[in-house]
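Q: Next comes protein-v3.cif, mmCIF, C-alpha atoms and all ligand atoms:
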data_entry
#
loop_
_atom_site.group_PDB
_atom_site.id
_atom_site.type_symbol
_atom_site.label_atom_id
_atom_site.label_comp_id
_atom_site.auth_asym_id
_atom_site.auth_seq_id
_atom_site.Cartn_x
_atom_site.Cartn_y
_atom_site.Cartn_z
ATOM 1 C CA MET R 1 66.740 98.572 50.264
ATOM 2 C CA SER R 2 69.155 98.931 53.137
ATOM 3 C CA GLU R 3 72.104 101.235 53.020
ATOM 4 C CA ARG R 4 75.478 99.626 52.754
ATOM 5 C CA GLY R 5 77.535 99.319 55.896
ATOM 6 C CA ASN R 6 79.554 96.826 57.868
ATOM 7 C CA MET R 7 78.135 93.488 58.908
ATOM 8 C CA THR R 8 80.032 92.182 61.913
ATOM 9 C CA ILE R 9 80.240 88.621 63.156
ATOM 10 C CA ARG R 10 81.544 88.031 66.667
ATOM 11 C CA PHE R 11 82.193 84.522 67.951
ATOM 12 C CA ARG R 12 80.891 84.297 71.519
ATOM 13 C CA GLY R 13 81.269 80.517 71.830
ATOM 14 C CA THR R 14 83.067 78.120 69.488
ATOM 15 C CA ARG R 15 83.379 74.861 71.443
ATOM 16 C CA GLY R 16 81.273 71.806 70.683
ATOM 17 C CA SER R 17 79.454 69.340 72.920
ATOM 18 C CA ILE R 18 80.393 70.680 76.370
ATOM 19 C CA PRO R 19 82.063 73.788 77.781
ATOM 20 C CA ALA R 20 85.812 73.219 77.972
ATOM 21 C CA PRO R 21 87.466 75.934 80.056
ATOM 22 C CA ALA R 22 91.212 75.317 80.344
ATOM 23 C CA SER R 23 94.375 77.347 80.461
ATOM 24 C CA ALA R 24 95.448 75.723 77.186
ATOM 25 C CA ASN R 25 92.195 76.840 75.494
ATOM 26 C CA THR R 26 92.106 80.534 76.201
ATOM 27 C CA ARG R 27 92.607 81.727 72.602
ATOM 28 C CA TYR R 28 89.959 79.631 70.844
ATOM 29 C CA GLY R 29 87.808 79.575 73.987
ATOM 30 C CA GLY R 30 85.781 77.125 76.021
ATOM 31 C CA ASN R 31 82.197 78.376 75.620
ATOM 32 C CA THR R 32 79.672 76.432 73.550
ATOM 33 C CA PRO R 33 78.111 77.813 70.330
ATOM 34 C CA CYS R 34 76.875 81.363 70.130
ATOM 35 C CA VAL R 35 77.575 83.837 67.327
ATOM 36 C CA GLU R 36 76.606 87.513 67.366
ATOM 37 C CA VAL R 37 75.763 89.043 63.980
ATOM 38 C CA ARG R 38 75.142 92.759 63.585
ATOM 39 C CA TYR R 39 74.126 94.873 60.662
ATOM 40 C CA HIS R 40 73.091 98.486 60.969
ATOM 41 C CA ASP R 41 71.536 98.583 64.442
ATOM 42 C CA GLN R 42 70.091 95.056 64.266
ATOM 43 C CA LEU R 43 71.270 92.084 66.296
ATOM 44 C CA LEU R 44 70.944 88.437 65.291
ATOM 45 C CA ILE R 45 72.161 85.758 67.699
ATOM 46 C CA LEU R 46 72.947 82.283 66.381
ATOM 47 C CA ASP R 47 72.377 79.661 69.084
ATOM 48 C CA ALA R 48 72.329 80.007 72.837
ATOM 49 C CA GLY R 49 75.288 77.999 74.056
ATOM 50 C CA THR R 50 77.210 79.211 77.086
ATOM 51 C CA GLY R 51 78.738 81.997 74.999
ATOM 52 C CA ILE R 52 75.425 83.875 75.159
ATOM 53 C CA ARG R 53 75.915 84.651 78.857
ATOM 54 C CA LEU R 54 78.601 87.288 78.389
ATOM 55 C CA LEU R 55 76.788 88.691 75.352
ATOM 56 C CA GLY R 56 73.784 89.248 77.622
ATOM 57 C CA ASP R 57 75.944 90.910 80.253
ATOM 58 C CA ASP R 58 77.449 93.231 77.616
ATOM 59 C CA LEU R 59 73.980 94.146 76.333
ATOM 60 C CA ASN R 60 72.810 94.931 79.856
ATOM 61 C CA LYS R 61 75.835 97.109 80.589
ATOM 62 C CA LYS R 62 75.454 99.202 77.469
ATOM 63 C CA GLY R 63 71.719 99.226 77.040
ATOM 64 C CA GLN R 64 70.455 100.281 80.434
ATOM 65 C CA ALA R 65 68.376 103.196 79.178
ATOM 66 C CA ASN R 66 66.759 101.466 76.229
ATOM 67 C CA PRO R 67 64.935 98.155 75.852
ATOM 68 C CA ILE R 68 67.159 95.467 74.346
ATOM 69 C CA GLU R 69 65.809 93.998 71.137
ATOM 70 C CA ALA R 70 67.347 91.004 69.417
ATOM 71 C CA THR R 71 66.496 87.945 67.357
ATOM 72 C CA LEU R 72 67.775 84.498 68.332
ATOM 73 C CA LEU R 73 67.968 81.733 65.723
ATOM 74 C CA LEU R 74 68.223 78.222 67.189
ATOM 75 C CA SER R 75 69.798 75.443 65.114
ATOM 76 C CA HIS R 76 68.530 72.608 67.336
ATOM 77 C CA GLY R 77 67.792 71.694 70.913
ATOM 78 C CA HIS R 78 70.978 69.849 71.845
ATOM 79 C CA TRP R 79 72.172 71.036 75.171
ATOM 80 C CA ASP R 80 75.393 72.699 74.013
ATOM 81 C CA HIS R 81 73.286 75.025 71.818
ATOM 82 C CA ILE R 82 70.703 76.088 74.410
ATOM 83 C CA GLN R 83 72.339 75.712 77.816
ATOM 84 C CA GLY R 84 73.358 79.370 78.029
ATOM 85 C CA LEU R 85 69.821 80.706 77.669
ATOM 86 C CA PRO R 86 68.883 80.481 81.398
ATOM 87 C CA PHE R 87 71.901 82.733 82.061
ATOM 88 C CA PHE R 88 71.049 85.291 79.361
ATOM 89 C CA SER R 89 70.189 88.116 81.739
ATOM 90 C CA PRO R 90 68.285 90.388 79.276
ATOM 91 C CA GLY R 91 65.739 87.586 78.913
ATOM 92 C CA TYR R 92 64.426 88.200 82.424
ATOM 93 C CA SER R 93 63.368 91.823 81.922
ATOM 94 C CA PRO R 94 59.879 92.362 80.464
ATOM 95 C CA LYS R 95 61.042 95.647 78.929
ATOM 96 C CA ASN R 96 63.298 93.735 76.544
ATOM 97 C CA ARG R 97 62.153 91.866 73.461
ATOM 98 C CA VAL R 98 64.091 88.804 72.334
ATOM 99 C CA THR R 99 62.348 86.963 69.524
ATOM 100 C CA ILE R 100 63.320 83.320 68.976
ATOM 101 C CA PHE R 101 63.025 81.544 65.637
ATOM 102 C CA GLY R 102 63.451 77.946 64.520
ATOM 103 C CA ALA R 103 63.144 76.256 61.160
ATOM 104 C CA CYS R 104 59.788 75.308 59.712
ATOM 105 C CA GLY R 105 58.519 72.133 61.397
ATOM 106 C CA ARG R 106 61.050 72.332 64.254
ATOM 107 C CA VAL R 107 59.413 74.891 66.519
ATOM 108 C CA ASP R 108 57.517 72.577 68.896
ATOM 109 C CA GLN R 109 60.629 70.507 69.499
ATOM 110 C CA LEU R 110 62.704 73.613 70.203
ATOM 111 C CA GLN R 111 60.123 75.059 72.577
ATOM 112 C CA LEU R 112 60.004 71.739 74.449
ATOM 113 C CA ALA R 113 63.793 71.694 74.751
ATOM 114 C CA LEU R 114 63.836 75.229 76.180
ATOM 115 C CA VAL R 115 61.065 74.498 78.663
ATOM 116 C CA SER R 116 62.523 71.134 79.707
ATOM 117 C CA GLN R 117 65.955 72.418 80.623
ATOM 118 C CA MET R 118 64.281 74.881 83.013
ATOM 119 C CA THR R 119 62.047 72.449 84.904
ATOM 120 C CA PRO R 120 62.800 72.051 88.646
ATOM 121 C CA LEU R 121 64.600 68.766 88.030
ATOM 122 C CA HIS R 122 67.262 70.634 86.057
ATOM 123 C CA PHE R 123 67.071 74.303 87.025
ATOM 124 C CA PRO R 124 65.477 76.367 89.810
ATOM 125 C CA VAL R 125 63.861 79.011 87.586
ATOM 126 C CA GLY R 126 61.228 78.310 84.930
ATOM 127 C CA LEU R 127 61.302 79.580 81.355
ATOM 128 C CA GLU R 128 58.081 81.517 82.037
ATOM 129 C CA GLN R 129 60.097 83.834 84.258
ATOM 130 C CA MET R 130 62.137 84.938 81.277
ATOM 131 C CA ARG R 131 59.591 87.599 80.401
ATOM 132 C CA GLY R 132 61.790 89.291 77.838
ATOM 133 C CA LEU R 133 61.619 86.186 75.630
ATOM 134 C CA ALA R 134 58.819 85.401 73.224
ATOM 135 C CA LYS R 135 57.782 81.850 72.329
ATOM 136 C CA VAL R 136 59.684 80.222 69.493
ATOM 137 C CA ARG R 137 58.391 81.320 66.082
ATOM 138 C CA GLU R 138 58.695 79.590 62.749
ATOM 139 C CA LEU R 139 60.844 80.661 59.814
ATOM 140 C CA SER R 140 59.560 80.218 56.310
ATOM 141 C CA PRO R 141 60.737 77.094 54.447
ATOM 142 C CA GLY R 142 62.018 79.459 51.765
ATOM 143 C CA ALA R 143 63.524 82.770 52.776
ATOM 144 C CA THR R 144 62.518 84.947 55.707
ATOM 145 C CA LYS R 145 63.208 88.654 55.796
ATOM 146 C CA LEU R 146 64.247 89.724 59.283
ATOM 147 C CA GLY R 147 64.762 93.462 59.167
ATOM 148 C CA ASP R 148 67.702 94.046 56.822
ATOM 149 C CA PHE R 149 68.726 90.388 56.945
ATOM 150 C CA LEU R 150 67.457 87.629 54.708
ATOM 151 C CA VAL R 151 67.573 84.191 56.368
ATOM 152 C CA ARG R 152 67.418 80.858 54.569
ATOM 153 C CA THR R 153 67.471 77.419 56.181
ATOM 154 C CA THR R 154 68.519 73.900 55.304
ATOM 155 C CA GLN R 155 68.425 70.636 57.209
ATOM 156 C CA LEU R 156 71.780 69.147 58.170
ATOM 157 C CA ASN R 157 72.951 65.587 58.823
ATOM 158 C CA HIS R 158 72.873 65.294 62.609
ATOM 159 C CA PRO R 159 71.146 62.916 65.055
ATOM 160 C CA GLY R 160 67.793 64.472 65.983
ATOM 161 C CA GLY R 161 68.200 67.056 63.215
ATOM 162 C CA CYS R 162 69.922 70.412 63.005
ATOM 163 C CA THR R 163 69.169 73.505 60.940
ATOM 164 C CA GLY R 164 71.802 75.367 58.964
ATOM 165 C CA PHE R 165 71.292 79.082 58.388
ATOM 166 C CA ARG R 166 72.370 81.299 55.511
ATOM 167 C CA ILE R 167 72.246 84.961 56.492
ATOM 168 C CA GLU R 168 72.414 87.578 53.802
ATOM 169 C CA SER R 169 72.686 91.327 54.003
ATOM 170 C CA ALA R 170 73.790 93.935 51.500
ATOM 171 C CA ALA R 171 77.221 93.776 53.174
ATOM 172 C CA GLY R 172 77.803 90.054 52.708
ATOM 173 C CA HIS R 173 76.640 86.484 53.169
ATOM 174 C CA VAL R 174 77.335 84.102 56.041
ATOM 175 C CA ALA R 175 76.491 80.399 56.361
ATOM 176 C CA TYR R 176 76.272 78.807 59.808
ATOM 177 C CA LEU R 177 76.308 74.994 59.862
ATOM 178 C CA PRO R 178 77.104 74.261 63.487
ATOM 179 C CA ASP R 179 76.502 70.480 63.724
ATOM 180 C CA HIS R 180 76.813 68.483 60.524
ATOM 181 C CA GLU R 181 78.305 65.160 59.470
ATOM 182 C CA PRO R 182 79.382 64.615 55.861
ATOM 183 C CA TYR R 183 76.722 62.812 53.862
ATOM 184 C CA ARG R 184 79.290 60.487 52.264
ATOM 185 C CA SER R 185 79.451 58.473 55.481
ATOM 186 C CA THR R 186 75.752 57.773 55.707
ATOM 187 C CA GLY R 187 75.750 55.137 52.991
ATOM 188 C CA ALA R 188 72.456 56.588 51.789
ATOM 189 C CA GLN R 189 71.644 56.246 48.104
ATOM 190 C CA ASP R 190 70.956 59.951 47.843
ATOM 191 C CA ALA R 191 74.148 60.995 49.652
ATOM 192 C CA ASN R 192 75.600 62.663 46.559
ATOM 193 C CA ALA R 193 72.389 64.598 45.872
ATOM 194 C CA LEU R 194 72.209 65.748 49.490
ATOM 195 C CA GLN R 195 75.834 66.853 49.333
ATOM 196 C CA ARG R 196 75.094 68.888 46.200
ATOM 197 C CA GLU R 197 72.233 70.595 48.049
ATOM 198 C CA ILE R 198 74.594 71.614 50.827
ATOM 199 C CA VAL R 199 77.123 72.907 48.303
ATOM 200 C CA GLU R 200 74.435 75.058 46.668
ATOM 201 C CA PHE R 201 73.169 76.287 50.032
ATOM 202 C CA VAL R 202 76.568 77.719 50.970
ATOM 203 C CA ARG R 203 77.535 78.693 47.414
ATOM 204 C CA GLY R 204 79.639 81.859 47.292
ATOM 205 C CA VAL R 205 79.301 82.932 50.921
ATOM 206 C CA ASP R 206 81.898 85.244 52.398
ATOM 207 C CA LEU R 207 82.043 83.223 55.614
ATOM 208 C CA LEU R 208 81.262 79.565 56.193
ATOM 209 C CA ILE R 209 81.099 78.675 59.893
ATOM 210 C CA LEU R 210 81.202 74.885 59.803
ATOM 211 C CA ASP R 211 81.272 71.967 62.234
ATOM 212 C CA THR R 212 84.808 70.577 61.990
ATOM 213 C CA GLN R 213 85.033 68.756 65.276
ATOM 214 C CA TYR R 214 87.357 66.008 64.110
ATOM 215 C CA SER R 215 90.520 65.344 62.187
ATOM 216 C CA ALA R 216 90.287 62.696 59.479
ATOM 217 C CA GLU R 217 91.808 60.106 61.816
ATOM 218 C CA GLU R 218 89.445 60.894 64.691
ATOM 219 C CA TYR R 219 86.430 60.870 62.418
ATOM 220 C CA SER R 220 87.138 57.338 61.202
ATOM 221 C CA CYS R 221 86.323 56.140 64.763
ATOM 222 C CA ARG R 222 83.294 58.421 65.216
ATOM 223 C CA ILE R 223 81.169 57.906 62.131
ATOM 224 C CA GLY R 224 77.512 58.425 62.929
ATOM 225 C CA TRP R 225 78.176 60.787 65.829
ATOM 226 C CA GLY R 226 76.889 63.695 63.756
ATOM 227 C CA HIS R 227 79.966 65.862 63.372
ATOM 228 C CA GLY R 228 82.273 66.982 60.620
ATOM 229 C CA CYS R 229 85.935 66.456 59.858
ATOM 230 C CA LEU R 230 88.639 68.594 58.345
ATOM 231 C CA PRO R 231 89.046 67.197 54.797
ATOM 232 C CA ASP R 232 85.278 67.315 54.154
ATOM 233 C CA SER R 233 85.004 70.858 55.524
ATOM 234 C CA VAL R 234 87.808 72.122 53.299
ATOM 235 C CA GLN R 235 86.375 70.331 50.273
ATOM 236 C CA LEU R 236 82.923 71.836 50.874
ATOM 237 C CA GLY R 237 84.467 75.298 51.070
ATOM 238 C CA ILE R 238 86.332 74.752 47.802
ATOM 239 C CA ASP R 239 83.393 73.168 45.965
ATOM 240 C CA ALA R 240 81.068 76.016 46.959
ATOM 241 C CA GLY R 241 83.466 78.859 46.154
ATOM 242 C CA VAL R 242 83.482 80.079 49.746
ATOM 243 C CA ARG R 243 85.851 82.945 50.608
ATOM 244 C CA ARG R 244 86.667 82.110 54.230
ATOM 245 C CA LEU R 245 86.064 78.864 56.098
ATOM 246 C CA PHE R 246 85.906 79.086 59.880
ATOM 247 C CA LEU R 247 86.357 75.717 61.585
ATOM 248 C CA PHE R 248 83.770 75.580 64.375
ATOM 249 C CA HIS R 249 82.334 73.322 67.110
ATOM 250 C CA HIS R 250 85.847 72.543 68.305
ATOM 251 C CA ASP R 251 86.285 69.260 70.102
ATOM 252 C CA PRO R 252 86.386 69.796 73.888
ATOM 253 C CA THR R 253 89.693 67.926 74.117
ATOM 254 C CA ARG R 254 91.446 70.182 71.568
ATOM 255 C CA ASP R 255 93.824 72.827 72.940
ATOM 256 C CA ASP R 256 94.946 75.997 71.170
ATOM 257 C CA GLN R 257 98.143 74.475 69.835
ATOM 258 C CA GLN R 258 96.283 71.511 68.362
ATOM 259 C CA LEU R 259 93.743 73.840 66.743
ATOM 260 C CA ASP R 260 96.586 75.866 65.219
ATOM 261 C CA HIS R 261 97.869 72.628 63.752
ATOM 262 C CA MET R 262 94.400 71.814 62.373
ATOM 263 C CA VAL R 263 94.305 75.193 60.650
ATOM 264 C CA GLU R 264 97.727 74.622 59.111
ATOM 265 C CA THR R 265 96.635 71.183 57.885
ATOM 266 C CA GLY R 266 93.455 72.676 56.422
ATOM 267 C CA ARG R 267 95.437 75.403 54.648
ATOM 268 C CA ALA R 268 97.699 72.773 53.098
ATOM 269 C CA MET R 269 94.581 70.960 51.837
ATOM 270 C CA ALA R 270 93.289 74.201 50.301
ATOM 271 C CA ILE R 271 96.458 75.013 48.344
ATOM 272 C CA GLY R 272 95.587 75.703 44.732
ATOM 273 C CA SER R 273 92.169 77.113 45.627
ATOM 274 C CA SER R 274 91.144 80.598 46.750
ATOM 275 C CA LEU R 275 89.695 79.315 50.044
ATOM 276 C CA LEU R 276 91.051 80.837 53.257
ATOM 277 C CA VAL R 277 90.980 78.449 56.225
ATOM 278 C CA GLU R 278 90.746 79.736 59.792
ATOM 279 C CA ALA R 279 89.369 78.510 63.093
ATOM 280 C CA ALA R 280 86.776 80.487 65.010
ATOM 281 C CA SER R 281 88.210 82.098 68.152
ATOM 282 C CA GLU R 282 86.079 83.246 71.039
ATOM 283 C CA ASN R 283 85.505 87.024 70.883
ATOM 284 C CA GLU R 284 87.065 87.336 67.427
ATOM 285 C CA ILE R 285 85.185 89.845 65.288
ATOM 286 C CA VAL R 286 84.995 89.553 61.513
ATOM 287 C CA SER R 287 83.736 92.458 59.450
ATOM 288 C CA LEU R 288 82.130 92.198 56.012
ATOM 289 C CA THR R 289 81.878 95.261 53.848
ATOM 290 C CA SER R 290 81.579 94.095 50.243
ATOM 291 C CA ALA R 291 78.285 93.002 48.717
ATOM 292 C CA ASN R 292 78.117 89.676 46.933
ATOM 293 C CA ALA R 293 74.517 90.252 46.071
ATOM 294 C CA ASP R 294 71.571 92.315 47.045
ATOM 295 C CA PRO R 295 69.455 89.831 49.020
ATOM 296 C CA MET R 296 66.333 91.851 48.418
ATOM 297 C CA THR R 297 66.475 90.856 44.759
ATOM 298 C CA GLU R 298 66.749 87.126 45.479
ATOM 299 C CA ILE R 299 63.694 86.560 47.578
ATOM 300 C CA GLY R 300 61.706 83.492 46.706
ATOM 301 C CA MET R 301 59.108 82.423 49.266
ATOM 302 C CA LEU R 302 59.271 85.438 51.502
ATOM 303 C CA GLN R 303 57.911 85.811 54.979
ATOM 304 C CA VAL R 304 58.459 89.223 56.497
ATOM 305 C CA GLN R 305 59.106 89.357 60.226
ATOM 306 C CA PRO R 306 59.978 92.272 62.476
ATOM 307 C CA ILE R 307 63.439 92.200 63.951
ATOM 308 C CA GLY R 308 64.860 93.609 67.106
ATOM 309 C CA ARG R 309 66.867 96.794 67.004
ATOM 310 C CA ALA R 310 70.003 96.382 69.074
ATOM 311 C CA SER R 311 70.547 99.068 71.620
ATOM 312 C CA VAL R 312 74.320 98.783 71.575
ATOM 313 C CA THR R 313 76.987 98.692 68.936
ATOM 314 C CA PRO R 314 80.149 96.565 68.898
ATOM 315 C CA SER R 315 82.873 98.124 70.990
ATOM 316 C CA SER R 316 85.768 95.822 70.187
ATOM 317 C CA SER R 317 88.149 96.401 67.349
ATOM 318 C CA VAL R 318 87.309 94.736 64.086
ATOM 319 C CA SER R 319 89.635 92.062 62.738
HETATM 320 ZN ZN ZN O 401 76.634 70.818 69.129
HETATM 321 ZN ZN ZN O 402 73.961 68.694 68.177
#
Since I need it in another form, could you write the structure as C-alpha cells?
A:
Amino acid sequence: MSERGNMTIRFRGTRGSIPAPASANTRYGGNTPCVEVRYHDQLLILDAGTGIRLLGDDLNKKGQANPIEATLLLSHGHWDHIQGLPFFSPGYSPKNRVTIFGACGRVDQLQLALVSQMTPLHFPVGLEQMRGLAKVRELSPGATKLGDFLVRTTQLNHPGGCTGFRIESAAGHVAYLPDHEPYRSTGAQDANALQREIVEFVRGVDLLILDTQYSAEEYSCRIGWGHGCLPDSVQLGIDAGVRRLFLFHHDPTRDDQQLDHMVETGRAMAIGSSLLVEAASENEIVSLTSANADPMTEIGMLQVQPIGRASVTPSSSVS
C-alpha cells in the first residue's frame, strides 16, 4: 500500500473545441484540455490538448539529468484533445518514456488519430520521430493499477465516443469527464439507466472535472453536439455526492467575466447541497490530502501496469 501524501491536480488546458487565446481569457486560459495529476513521484497526464506543450517544456527544464517518465491517458481522438502532442518536447527524446493508454476497445482508433495528425498533409514531422512515446496501450475494462493510482473507465455520451476516467489514490479520488452530453437529451429508452451509471461512476469523488461547455439557454440550441450544460453538471455533482465540481471544456467564446457568472449561477443552483462549484483555471493547482477510500481494497478486474516516475515535482504553490 502506498504511503499517504498529497495528490495534486494542475489544469494545463481547460478550453474546449479550439484554442482561444484572448486578453479577456487570461485567468481561465485558452489552451485545450490537459490535466497534470501527481502523486508521490508519479505523473499522470489526462489528454494532450495544447496545454501539454508548456507541461513538456517544464519537464524538460527540470528533468535534464534524468529520463522523464510519465503516463498519458487519452479520452478520445478529437483534435482538441490530441493537438498538443506534436509539441510535447519530451516525446522526441529516446531517453524518456511516455506511456499512452486508452480505454479497452478504443486503442486502434486512438493510435490512428495520433498518426494521422502527423502525416505530411497536416504536419511536417511524423509520429515515429517521437521516440520517447510508446504505442497506445489498452486499459482493463475494469480497473487498472498504474503505480500508486487506480484507474477506472466509463464510456461517455459524445459523437465518436469519449472515455471518462476515475483516478483513485490513497490521497483522494478524481473523475475526469471532458466531453459528455447529458443522456436525458438523447431520447434513448435507457437514458435513465445510463445516467444512473454515470452517477455511480463519479460517486463520492473529491473532484469532478466535467464538460460544462454551455449554459442552459445555449444548450437548447446545441442538442446533439456532444457537450454538457450547467444545470445537468450541477445536478450530477449533487446526485453523486461529489465534493467539488470543476466546470471544464469552456466554450471558446466565453471570457473570464462570463465564466465567473457561470460559476455564480452554478453555486446558486447548488444551494442546499454540500457541492462546491468552481471553474477550472489554467495553471490552477488543487491538492488532495484526505483519503476517501483505499483504492487497493476496491480492485475488481485488475490489470497491473508499470507507471512512469516523474523526474520533477510541482513548483507552484498549492491552492
Ligand atoms: Zn473536446
Ligand atoms: Zn470531443
Q: Could you list the protein, DNA and RNA residues that have any atom within 7 Å of ligand ZN 401 (chain O), counting all atoms listed in the file, and write them as a list in words?
A: Gly16, Ser17, His78, Asp80, His81, Pro178, Asp179 and His249 of chain R
Q: Starting from the PyMOL selection byres (((not hetatm)) within 12 of (chain O and resi 402)), expand the selection into actual residues of this file and give them as a PyMOL selection string.
A: chain R and resi 15-18+32-33+47+49+74-82+156-164+177-181+211+213+225-228+249
Q: Using the chain letters and numbers from the file, give me the residues hit by the PyMOL selection byres (((chain R and resi 279) around 8) and not hetatm), as a PDB file with C-alpha atoms, in the coordinates of the input.
A:
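Below you can see expr01.pdb, which holds the result:
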ATOM      1  CA  TYR R  28      89.959  79.631  70.844  1.00  0.00           C
ATOM      2  CA  LEU R 245      86.064  78.864  56.098  1.00  0.00           C
ATOM      3  CA  PHE R 246      85.906  79.086  59.880  1.00  0.00           C
ATOM      4  CA  LEU R 247      86.357  75.717  61.585  1.00  0.00           C
ATOM      5  CA  PHE R 248      83.770  75.580  64.375  1.00  0.00           C
ATOM      6  CA  LEU R 259      93.743  73.840  66.743  1.00  0.00           C
ATOM      7  CA  ASP R 260      96.586  75.866  65.219  1.00  0.00           C
ATOM      8  CA  VAL R 263      94.305  75.193  60.650  1.00  0.00           C
ATOM      9  CA  VAL R 277      90.980  78.449  56.225  1.00  0.00           C
ATOM     10  CA  GLU R 278      90.746  79.736  59.792  1.00  0.00           C
ATOM     11  CA  ALA R 280      86.776  80.487  65.010  1.00  0.00           C
ATOM     12  CA  SER R 281      88.210  82.098  68.152  1.00  0.00           C
TER      13      SER R 281
END
Q: Please, what distance in Å, to one decimal, runs between CA of Pro124 (chain R) and CA of Gly91 (chain R)?
A: 15.6 Å
Q: Figure out the distance between CA of Arg244 (chain R) and CA of Asp58 (chain R), please, to one decimal in Å.
A: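 Distance between the two atoms: 27.5 Å.
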